[in-house]
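Visitor: Quick one: this structure, given as structure tokens, is what I'll be asking you about.
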2 protein chains.
Amino acid sequence: MSIHMRPSQALRLWQQAALDEAAAGRPDLSFRQAAILLTIYLDPPPHTVRGLAARLNVTKPVVTRALDTMGALNLVSRHRDPADRRNVLIRRTVEGSLYVESFGDRIVARAAELPL
Amino acid sequence: MSIHMRPSQALRLWQQAALDEAAAGRPDLSFRQAAILLTIYLDPPPHTVRGLAARLNVTKPVVTRALDTMGALNLVSRHRDPADRRNVLIRRTVEGSLYVESFGDRIVARAAELPL
DNA sequence: AAAAACGGATACGGTTCCGAAACATTCAAT
DNA sequence: ATTGAATGTTTCGGAACCGTATCCGTTTTT
């Protein structure tokens, strides 16, 4: 049972959620950053820079930089892979989990409010 | 009849849409920019810098700069208000309409694909 | 052991963005 | 006509981001 919505509802939902994010004074993530963050939190680990770059079809420095800023915000953390020390494994954090969770909750709430 | 979705579905939807945007090589809009763009296209005109800034709870330069970049992308256009020449009226463009429309369509498509 | 391949970070030049403050232009009030 | 307020833009120093290319450490291959 899939989710049905009309384009106007989808756009309104996106607007409301974006307004929430902007107004809440939260970090102003870009689409790319959001995609990286959500991929880390939704897709099964392990996550590497290379893997994320391939998944998003962007270059490695883009991922490195996104991890720099999100790491500074404590939304993700980096650790060397002990097995293959070339790899960097990206892991979730408590703060990142809270951020993602509340983000999801807000979307659900906004979706429920959508006008016909 | 409102839209029901679970947080996991909302997050997955957001991820898929963000991945689409990132992969499509489209301009990498931030939440704020997206909120401004969608407000221009969803809320009834006229739209002014001040009005948008108030709606988004951001400062005026933020709106001015967002309009600079979106204007360069031909997503919006600016015109002085003939009635009160202090005002700048922000208007939609053909390209912006296409962008917003296809964005909405993509969200709808992704929503329909969501797993249970 | 030497060379090639791999994963990630860094350097570079350039663009965009931020918040705060100052700015020009226009309108309204006196 | 002057003053004052309102609207939008610009400036400033500082930060983040882009893509391309290069570098560094590690692992694999020969």
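Naming works like this for the structure tokens: A, B, ... for the chains as they're shown, residue 1 at the start of each chain, ligands 1 onward in shown order.
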How would chain B read as a short mmCIF file (atom, residue, chain, number, x, y, z; two decimals) with C-alpha atoms, in the first residue's frame after a least-squares superposition onto chain A over every Cα atom, matched in order?

Guide:
data_model
loop_
_atom_site.label_atom_id
_atom_site.label_comp_id
_atom_site.auth_asym_id
_atom_site.auth_seq_id
_atom_site.Cartn_x
_atom_site.Cartn_y
_atom_site.Cartn_z
CA MET B 1 -0.03 0.00 0.10
CA SER B 2 1.85 2.94 -1.30
CA ILE B 3 1.53 6.62 -0.64
CA HIS B 4 -0.62 8.65 -2.95
CA MET B 5 -0.24 12.36 -3.28
CA ARG B 6 -0.82 14.94 -5.92
CA PRO B 7 1.98 17.16 -7.18
CA SER B 8 0.49 20.20 -5.52
CA GLN B 9 0.45 18.36 -2.23
CA ALA B 10 4.00 17.15 -2.68
CA LEU B 11 5.21 20.66 -3.35
CA ARG B 12 3.28 22.08 -0.45
CA LEU B 13 4.71 19.40 1.81
CA TRP B 14 8.21 20.21 0.68
CA GLN B 15 7.63 23.88 1.21
CA GLN B 16 6.31 23.43 4.72
CA ALA B 17 9.16 21.17 5.71
CA ALA B 18 11.71 23.52 4.21
CA LEU B 19 10.11 26.46 5.98
CA ASP B 20 10.29 24.55 9.24
CA GLU B 21 13.95 23.82 8.76
CA ALA B 22 14.77 27.36 7.78
CA ALA B 23 12.80 28.91 10.62
CA ALA B 24 14.12 26.51 13.25
CA GLY B 25 17.57 28.02 12.86
CA ARG B 26 18.91 24.59 12.10
CA PRO B 27 21.87 24.10 9.83
CA ASP B 28 20.83 25.00 6.31
CA LEU B 29 21.66 21.76 4.55
CA SER B 30 21.74 21.51 0.80
CA PHE B 31 20.07 18.75 -1.15
CA ARG B 32 23.35 16.96 -1.44
CA GLN B 33 24.12 17.16 2.22
CA ALA B 34 20.64 15.97 3.07
CA ALA B 35 21.03 13.07 0.68
CA ILE B 36 24.32 12.08 2.28
CA LEU B 37 22.99 12.38 5.80
CA LEU B 38 19.84 10.40 5.08
CA THR B 39 21.74 7.72 3.22
CA ILE B 40 23.97 7.24 6.23
CA TYR B 41 20.96 6.93 8.48
CA LEU B 42 18.68 4.90 6.25
CA ASP B 43 20.89 2.58 4.27
CA PRO B 44 22.66 -0.32 5.96
CA PRO B 45 26.26 0.27 7.00
CA PRO B 46 29.12 0.26 6.49
CA HIS B 47 29.35 3.60 4.72
CA THR B 48 32.52 4.80 3.07
CA VAL B 49 33.41 7.99 1.28
CA ARG B 50 33.72 6.16 -1.97
CA GLY B 51 30.44 4.35 -1.52
CA LEU B 52 28.57 7.51 -0.74
CA ALA B 53 30.14 9.34 -3.64
CA ALA B 54 29.09 6.56 -5.99
CA ARG B 55 25.58 6.42 -4.55
CA LEU B 56 25.14 10.15 -5.03
CA ASN B 57 27.01 10.37 -8.28
CA VAL B 58 29.29 13.09 -6.96
CA THR B 59 33.03 13.35 -6.51
CA LYS B 60 34.83 12.23 -3.39
CA PRO B 61 35.82 15.71 -2.23
CA VAL B 62 32.17 16.62 -2.13
CA VAL B 63 31.57 13.83 0.35
CA THR B 64 34.69 14.66 2.34
CA ARG B 65 33.61 18.26 2.69
CA ALA B 66 30.06 17.36 3.58
CA LEU B 67 31.40 15.06 6.28
CA ASP B 68 33.63 17.86 7.53
CA THR B 69 30.71 20.17 8.12
CA MET B 70 28.32 17.51 9.37
CA GLY B 71 31.03 16.17 11.61
CA ALA B 72 31.52 19.62 13.06
CA LEU B 73 27.80 19.62 13.77
CA ASN B 74 28.15 16.19 15.39
CA LEU B 75 25.69 14.72 12.95
CA VAL B 76 28.09 12.00 11.84
CA SER B 77 31.46 10.64 12.91
CA ARG B 78 34.41 9.15 11.06
CA HIS B 79 36.58 6.18 11.98
CA ARG B 80 39.33 4.39 10.18
CA ASP B 81 38.48 0.86 9.20
CA PRO B 82 40.76 -1.40 11.26
CA ALA B 83 40.53 -4.14 8.65
CA ASP B 84 41.53 -1.96 5.72
CA ARG B 85 43.06 1.22 6.98
CA ARG B 86 42.50 3.00 3.70
CA ASN B 87 38.79 3.07 4.37
CA VAL B 88 37.00 5.57 6.49
CA LEU B 89 33.79 4.30 8.00
CA ILE B 90 31.10 6.87 8.61
CA ARG B 91 28.94 6.23 11.60
CA ARG B 92 25.84 7.68 13.11
CA THR B 93 25.83 9.77 16.23
CA VAL B 94 23.29 10.34 18.93
CA GLU B 95 22.78 13.91 17.83
CA GLY B 96 22.43 12.89 14.22
CA SER B 97 19.84 10.30 15.13
CA LEU B 98 17.83 12.87 17.00
CA TYR B 99 18.09 15.30 14.12
CA VAL B 100 16.95 12.75 11.55
CA GLU B 101 14.17 11.47 13.74
CA SER B 102 12.69 14.84 14.46
CA PHE B 103 13.02 15.73 10.82
CA GLY B 104 10.99 12.68 9.87
CA ASP B 105 8.40 13.42 12.50
CA ARG B 106 8.00 16.94 11.23
CA ILE B 107 7.41 15.76 7.68
CA VAL B 108 4.78 13.32 8.87
CA ALA B 109 3.06 16.07 10.82
CA ARG B 110 3.10 18.40 7.85
CA ALA B 111 1.80 15.69 5.58
CA ALA B 112 -1.13 15.12 7.89
CA GLU B 113 -1.96 18.83 7.74
CA LEU B 114 -2.00 19.00 3.97
CA PRO B 115 -5.13 20.47 2.46
CA LEU B 116 -7.15 18.49 0.07
#

Visitor: Would you write out, as a Markdown table, a table of all residues in chain D that have an atom no more than 12 Å from an atom of chain A, listing for each the closest atom pair and the distance in Å to one decimal, considering only C-alpha atoms (C1' of nucleotides) and ordering rows by chain and rising residue number?

Guide:
| residue | atom | partner | partner_atom | distance |
| --- | --- | --- | --- | --- |
| D:DA15 | C1' | A:Thr69 | CA | 10.9 |
| D:DA16 | C1' | A:Thr69 | CA | 8.4 |
| D:DC17 | C1' | A:Arg65 | CA | 8.2 |
| D:DC18 | C1' | A:Val62 | CA | 8.1 |
| D:DG19 | C1' | A:Thr59 | CA | 8.4 |
| D:DT20 | C1' | A:Thr59 | CA | 10.3 |
| D:DA21 | C1' | A:Pro61 | CA | 11.6 |
| D:DC24 | C1' | A:Arg86 | CA | 10.7 |
| D:DG25 | C1' | A:Arg86 | CA | 7.4 |
| D:DT26 | C1' | A:Arg86 | CA | 5.5 |
| D:DT27 | C1' | A:Asp84 | CA | 7.8 |
| D:DT28 | C1' | A:Asp84 | CA | 11.7 |

Visitor: Counting only C-alpha atoms (C1' of nucleotides), what is within 12 Å of DA21 (chain C), bar same-chain residues fewer than 3 positions away, as a list in words?

Guide: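 Near neighbours after the sequence-gap exclusion: Pro61 of chain B; DT10, DT11 and DC12 of chain D.
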
Visitor: Define the interface residues of chain C facing chain A as those within 12 Å, counting only C-alpha atoms (C1' of nucleotides), and report them as a PyMOL selection string.

Guide: chain C and resi 6-11+17-18

Visitor: What does the file look like for those residues with all heavy atoms, as a short mmCIF file (atom, residue, chain, number, x, y, z; two decimals), in the first residue's frame?

Guide:
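Output file result19.cif is given in full below:
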data_model
loop_
_atom_site.label_atom_id
_atom_site.label_comp_id
_atom_site.auth_asym_id
_atom_site.auth_seq_id
_atom_site.Cartn_x
_atom_site.Cartn_y
_atom_site.Cartn_z
P DC C 6 42.17 -0.03 -8.98
OP1 DC C 6 41.21 -1.13 -9.26
OP2 DC C 6 42.24 1.16 -9.86
"O5'" DC C 6 41.94 0.46 -7.49
"C5'" DC C 6 42.14 -0.46 -6.43
"C4'" DC C 6 42.17 0.30 -5.12
"O4'" DC C 6 43.40 1.03 -5.02
"C3'" DC C 6 41.05 1.33 -4.97
"O3'" DC C 6 40.17 0.89 -3.96
"C2'" DC C 6 41.78 2.63 -4.60
"C1'" DC C 6 43.14 2.13 -4.16
N1 DC C 6 44.28 3.08 -4.31
C2 DC C 6 44.98 3.50 -3.19
O2 DC C 6 44.62 3.07 -2.08
N3 DC C 6 46.03 4.36 -3.32
C4 DC C 6 46.38 4.77 -4.54
N4 DC C 6 47.42 5.60 -4.63
C5 DC C 6 45.67 4.36 -5.71
C6 DC C 6 44.63 3.52 -5.55
P DG C 7 38.81 1.64 -3.71
OP1 DG C 7 37.85 0.64 -3.21
OP2 DG C 7 38.51 2.47 -4.89
"O5'" DG C 7 39.20 2.63 -2.52
"C5'" DG C 7 39.52 2.07 -1.25
"C4'" DG C 7 39.74 3.19 -0.26
"O4'" DG C 7 40.99 3.85 -0.58
"C3'" DG C 7 38.66 4.27 -0.28
"O3'" DG C 7 38.21 4.51 1.04
"C2'" DG C 7 39.33 5.49 -0.88
"C1'" DG C 7 40.80 5.24 -0.62
N9 DG C 7 41.68 5.74 -1.66
C8 DG C 7 41.48 5.64 -3.02
N7 DG C 7 42.45 6.17 -3.72
C5 DG C 7 43.32 6.68 -2.77
C6 DG C 7 44.54 7.37 -2.93
O6 DG C 7 45.11 7.68 -3.97
N1 DG C 7 45.11 7.69 -1.69
C2 DG C 7 44.57 7.38 -0.47
N2 DG C 7 45.26 7.77 0.59
N3 DG C 7 43.43 6.74 -0.31
C4 DG C 7 42.86 6.41 -1.49
P DG C 8 37.01 5.50 1.27
OP1 DG C 8 36.28 5.06 2.46
OP2 DG C 8 36.31 5.66 0.00
"O5'" DG C 8 37.78 6.85 1.61
"C5'" DG C 8 38.62 6.88 2.75
"C4'" DG C 8 39.52 8.10 2.71
"O4'" DG C 8 40.26 8.13 1.49
"C3'" DG C 8 38.78 9.44 2.78
"O3'" DG C 8 38.99 9.98 4.08
"C2'" DG C 8 39.43 10.29 1.68
"C1'" DG C 8 40.62 9.46 1.23
N9 DG C 8 40.97 9.57 -0.18
C8 DG C 8 40.21 9.18 -1.25
N7 DG C 8 40.78 9.39 -2.40
C5 DG C 8 42.00 9.96 -2.07
C6 DG C 8 43.06 10.40 -2.89
O6 DG C 8 43.12 10.37 -4.13
N1 DG C 8 44.11 10.91 -2.15
C2 DG C 8 44.14 10.98 -0.77
N2 DG C 8 45.23 11.48 -0.22
N3 DG C 8 43.17 10.57 0.01
C4 DG C 8 42.13 10.07 -0.70
P DA C 9 38.49 11.43 4.47
OP1 DA C 9 38.35 11.46 5.94
OP2 DA C 9 37.36 11.76 3.59
"O5'" DA C 9 39.74 12.35 4.08
"C5'" DA C 9 40.98 12.12 4.73
"C4'" DA C 9 42.03 13.08 4.19
"O4'" DA C 9 42.22 12.84 2.79
"C3'" DA C 9 41.70 14.55 4.36
"O3'" DA C 9 42.81 15.19 4.94
"C2'" DA C 9 41.43 15.04 2.94
"C1'" DA C 9 42.25 14.07 2.10
N9 DA C 9 41.74 13.81 0.76
C8 DA C 9 40.52 13.28 0.43
N7 DA C 9 40.33 13.13 -0.86
C5 DA C 9 41.51 13.61 -1.41
C6 DA C 9 41.94 13.72 -2.75
N6 DA C 9 41.20 13.34 -3.79
N1 DA C 9 43.17 14.24 -2.96
C2 DA C 9 43.90 14.61 -1.89
N3 DA C 9 43.60 14.55 -0.59
C4 DA C 9 42.38 14.03 -0.43
P DT C 10 42.76 16.66 5.37
OP1 DT C 10 43.58 16.79 6.57
OP2 DT C 10 41.34 17.09 5.32
"O5'" DT C 10 43.51 17.41 4.17
"C5'" DT C 10 44.83 17.02 3.81
"C4'" DT C 10 45.25 17.74 2.54
"O4'" DT C 10 44.49 17.24 1.43
"C3'" DT C 10 45.01 19.27 2.57
"O3'" DT C 10 46.27 19.89 2.39
"C2'" DT C 10 44.06 19.51 1.40
"C1'" DT C 10 44.28 18.30 0.53
N1 DT C 10 43.14 17.90 -0.34
C2 DT C 10 43.31 17.89 -1.71
O2 DT C 10 44.35 18.21 -2.25
N3 DT C 10 42.20 17.49 -2.42
C4 DT C 10 40.97 17.10 -1.92
O4 DT C 10 40.06 16.77 -2.66
C5 DT C 10 40.87 17.13 -0.47
C7 DT C 10 39.59 16.74 0.18
C6 DT C 10 41.95 17.52 0.23
P DA C 11 46.36 21.46 2.34
OP1 DA C 11 47.67 21.81 2.91
OP2 DA C 11 45.13 22.03 2.90
"O5'" DA C 11 46.40 21.79 0.78
"C5'" DA C 11 47.44 21.24 -0.02
"C4'" DA C 11 47.53 21.97 -1.35
"O4'" DA C 11 46.51 21.45 -2.23
"C3'" DA C 11 47.31 23.47 -1.29
"O3'" DA C 11 48.14 24.10 -2.26
"C2'" DA C 11 45.83 23.63 -1.62
"C1'" DA C 11 45.58 22.46 -2.58
N9 DA C 11 44.25 21.89 -2.47
C8 DA C 11 43.57 21.58 -1.33
N7 DA C 11 42.38 21.05 -1.54
C5 DA C 11 42.29 20.99 -2.92
C6 DA C 11 41.28 20.54 -3.79
N6 DA C 11 40.13 20.02 -3.36
N1 DA C 11 41.50 20.63 -5.11
C2 DA C 11 42.66 21.15 -5.54
N3 DA C 11 43.68 21.61 -4.82
C4 DA C 11 43.43 21.50 -3.50
P DC C 17 24.07 31.84 -3.28
OP1 DC C 17 22.90 30.97 -3.45
OP2 DC C 17 24.06 33.21 -3.83
"O5'" DC C 17 24.39 31.94 -1.72
"C5'" DC C 17 24.48 30.74 -0.96
"C4'" DC C 17 25.11 31.04 0.38
"O4'" DC C 17 26.46 31.50 0.17
"C3'" DC C 17 24.44 32.17 1.15
"O3'" DC C 17 23.42 31.64 1.99
"C2'" DC C 17 25.58 32.79 1.95
"C1'" DC C 17 26.85 32.22 1.31
N1 DC C 17 27.83 33.26 0.90
C2 DC C 17 28.91 33.53 1.74
O2 DC C 17 29.02 32.91 2.79
N3 DC C 17 29.81 34.49 1.37
C4 DC C 17 29.64 35.13 0.22
N4 DC C 17 30.55 36.05 -0.10
C5 DC C 17 28.54 34.87 -0.64
C6 DC C 17 27.66 33.93 -0.27
P DC C 18 22.50 32.65 2.76
OP1 DC C 18 21.33 31.88 3.24
OP2 DC C 18 22.32 33.86 1.93
"O5'" DC C 18 23.37 33.06 4.03
"C5'" DC C 18 23.81 32.04 4.91
"C4'" DC C 18 24.72 32.64 5.97
"O4'" DC C 18 25.94 33.08 5.33
"C3'" DC C 18 24.14 33.88 6.63
"O3'" DC C 18 23.40 33.48 7.77
"C2'" DC C 18 25.39 34.68 7.00
"C1'" DC C 18 26.48 34.16 6.06
N1 DC C 18 26.99 35.13 5.05
C2 DC C 18 28.13 35.89 5.34
O2 DC C 18 28.66 35.76 6.44
N3 DC C 18 28.59 36.76 4.40
C4 DC C 18 27.96 36.86 3.22
N4 DC C 18 28.45 37.71 2.33
C5 DC C 18 26.80 36.09 2.93
C6 DC C 18 26.35 35.25 3.86
#

Visitor: Please return, as a list in words, all residues of chain B that DSSP assigns to strand (DSSP E or B) on the basis of the backbone.

Guide: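 Listing strand (DSSP E or B) positions across chain B yields Ser30, His47, Val76, Ser77, Arg78, His79, Arg80, Val88, Leu89, Ile90, Arg91 and Arg92 of chain B.
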
Visitor: Please produce a file of those selected residues containing all heavy atoms, as a CSV table (one decimal), in the first residue's frame.

Guide:
chain,number,residue,atom,x,y,z
B,30,SER,N,19.7,24.9,-1.3
B,30,SER,CA,19.6,24.7,0.1
B,30,SER,C,18.2,24.7,0.5
B,30,SER,O,17.3,25.0,-0.2
B,30,SER,CB,20.4,25.7,0.9
B,30,SER,OG,19.7,27.0,0.8
B,47,HIS,N,4.8,38.9,-4.4
B,47,HIS,CA,5.9,38.5,-3.5
B,47,HIS,C,6.9,39.6,-3.5
B,47,HIS,O,7.4,40.0,-4.5
B,47,HIS,CB,6.5,37.2,-3.9
B,47,HIS,CG,5.6,36.0,-3.9
B,47,HIS,ND1,5.1,35.5,-2.7
B,47,HIS,CD2,5.0,35.3,-4.8
B,47,HIS,CE1,4.3,34.5,-2.9
B,47,HIS,NE2,4.2,34.4,-4.2
B,76,VAL,N,13.5,32.6,-11.3
B,76,VAL,CA,12.6,33.7,-10.9
B,76,VAL,C,13.0,35.0,-11.6
B,76,VAL,O,14.1,35.0,-12.2
B,76,VAL,CB,12.6,33.9,-9.4
B,76,VAL,CG1,12.1,32.7,-8.6
B,76,VAL,CG2,14.0,34.3,-8.9
B,77,SER,N,12.2,36.0,-11.6
B,77,SER,CA,12.6,37.3,-12.2
B,77,SER,C,12.1,38.4,-11.2
B,77,SER,O,11.1,38.2,-10.4
B,77,SER,CB,12.0,37.4,-13.5
B,77,SER,OG,10.6,37.6,-13.5
B,78,ARG,N,12.8,39.5,-11.3
B,78,ARG,CA,12.5,40.7,-10.5
B,78,ARG,C,12.0,41.8,-11.3
B,78,ARG,O,12.5,42.1,-12.4
B,78,ARG,CB,13.7,41.1,-9.7
B,78,ARG,CG,14.0,40.2,-8.5
B,78,ARG,CD,15.1,40.8,-7.7
B,78,ARG,NE,16.4,40.2,-8.1
B,78,ARG,CZ,17.5,40.1,-7.3
B,78,ARG,NH1,17.4,40.5,-6.0
B,78,ARG,NH2,18.6,39.6,-7.7
B,79,HIS,N,11.0,42.6,-10.7
B,79,HIS,CA,10.5,43.8,-11.4
B,79,HIS,C,10.2,44.8,-10.3
B,79,HIS,O,9.6,44.5,-9.3
B,79,HIS,CB,9.3,43.4,-12.2
B,79,HIS,CG,9.5,42.3,-13.2
B,79,HIS,ND1,10.0,42.4,-14.4
B,79,HIS,CD2,9.4,40.9,-13.0
B,79,HIS,CE1,10.1,41.3,-15.0
B,79,HIS,NE2,9.7,40.3,-14.2
B,80,ARG,N,10.5,46.0,-10.6
B,80,ARG,CA,10.1,47.1,-9.7
B,80,ARG,C,8.6,47.2,-9.7
B,80,ARG,O,8.0,47.1,-10.8
B,80,ARG,CB,10.7,48.4,-10.2
B,80,ARG,CG,12.1,48.6,-9.7
B,80,ARG,CD,12.3,49.1,-8.3
B,80,ARG,NE,13.6,48.9,-7.8
B,80,ARG,CZ,14.0,48.9,-6.6
B,80,ARG,NH1,13.1,49.0,-5.6
B,80,ARG,NH2,15.3,48.7,-6.2
B,88,VAL,N,10.2,45.5,-4.8
B,88,VAL,CA,10.5,44.7,-5.9
B,88,VAL,C,9.6,43.5,-5.9
B,88,VAL,O,9.4,42.8,-4.9
B,88,VAL,CB,12.0,44.2,-5.8
B,88,VAL,CG1,12.3,43.0,-6.7
B,88,VAL,CG2,13.0,45.3,-6.1
B,89,LEU,N,8.9,43.3,-7.0
B,89,LEU,CA,8.0,42.1,-7.1
B,89,LEU,C,8.7,41.0,-7.8
B,89,LEU,O,9.4,41.1,-8.8
B,89,LEU,CB,6.8,42.5,-8.0
B,89,LEU,CG,6.1,43.8,-7.5
B,89,LEU,CD1,4.9,44.1,-8.4
B,89,LEU,CD2,5.6,43.6,-6.0
B,90,ILE,N,8.6,39.8,-7.1
B,90,ILE,CA,9.3,38.6,-7.7
B,90,ILE,C,8.2,37.8,-8.4
B,90,ILE,O,7.1,37.5,-7.9
B,90,ILE,CB,9.9,37.8,-6.5
B,90,ILE,CG1,11.0,38.6,-5.9
B,90,ILE,CG2,10.5,36.5,-7.1
B,90,ILE,CD1,10.6,39.3,-4.6
B,91,ARG,N,8.6,37.5,-9.6
B,91,ARG,CA,7.6,36.8,-10.4
B,91,ARG,C,8.2,35.4,-10.9
B,91,ARG,O,9.4,35.2,-10.9
B,91,ARG,CB,7.3,37.6,-11.7
B,91,ARG,CG,6.6,38.9,-11.3
B,91,ARG,CD,5.5,39.3,-12.3
B,91,ARG,NE,6.1,39.6,-13.6
B,91,ARG,CZ,6.2,40.8,-14.1
B,91,ARG,NH1,5.8,41.8,-13.4
B,91,ARG,NH2,6.8,41.0,-15.2
B,92,ARG,N,7.3,34.6,-11.3
B,92,ARG,CA,7.6,33.3,-11.8
B,92,ARG,C,8.1,33.4,-13.2
B,92,ARG,O,7.9,34.3,-13.9
B,92,ARG,CB,6.4,32.3,-11.7
B,92,ARG,CG,5.8,32.3,-10.4
B,92,ARG,CD,4.4,31.7,-10.4
B,92,ARG,NE,3.8,31.9,-9.1
B,92,ARG,CZ,2.5,31.6,-8.9
B,92,ARG,NH1,1.7,31.3,-9.9
B,92,ARG,NH2,2.0,31.8,-7.7

Visitor: Could you pull out all residues of region 9-110 of chain A with a DSSP call of helix (DSSP H, G or I) and give them as a ChimeraX atom specification?

Guide: /A:9-23,31-42,49-56,60-72,94-110

Visitor: In Å, with one decimal, what is the gap from C1' of DA20 (chain C) to C1' of DG4 (chain D)?

Guide: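 Separation of C1' of DA20 (chain C) and C1' of DG4 (chain D): 22.7 Å.
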
Visitor: What does the structure give for the distance between C1' of DT7 (chain D) and C1' of DC27 (chain C), in Å to one decimal?

Guide: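 C1' of DC27 (chain C) lies at a distance of 9.9 Å from C1' of DT7 (chain D).
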
Visitor: To one decimal place, how far is C1' of DC23 (chain D) from C1' of DG14 (chain C) in Å?

Guide: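 Atom-to-atom, C1' of DC23 (chain D) to C1' of DG14 (chain C), that is 21.4 Å.
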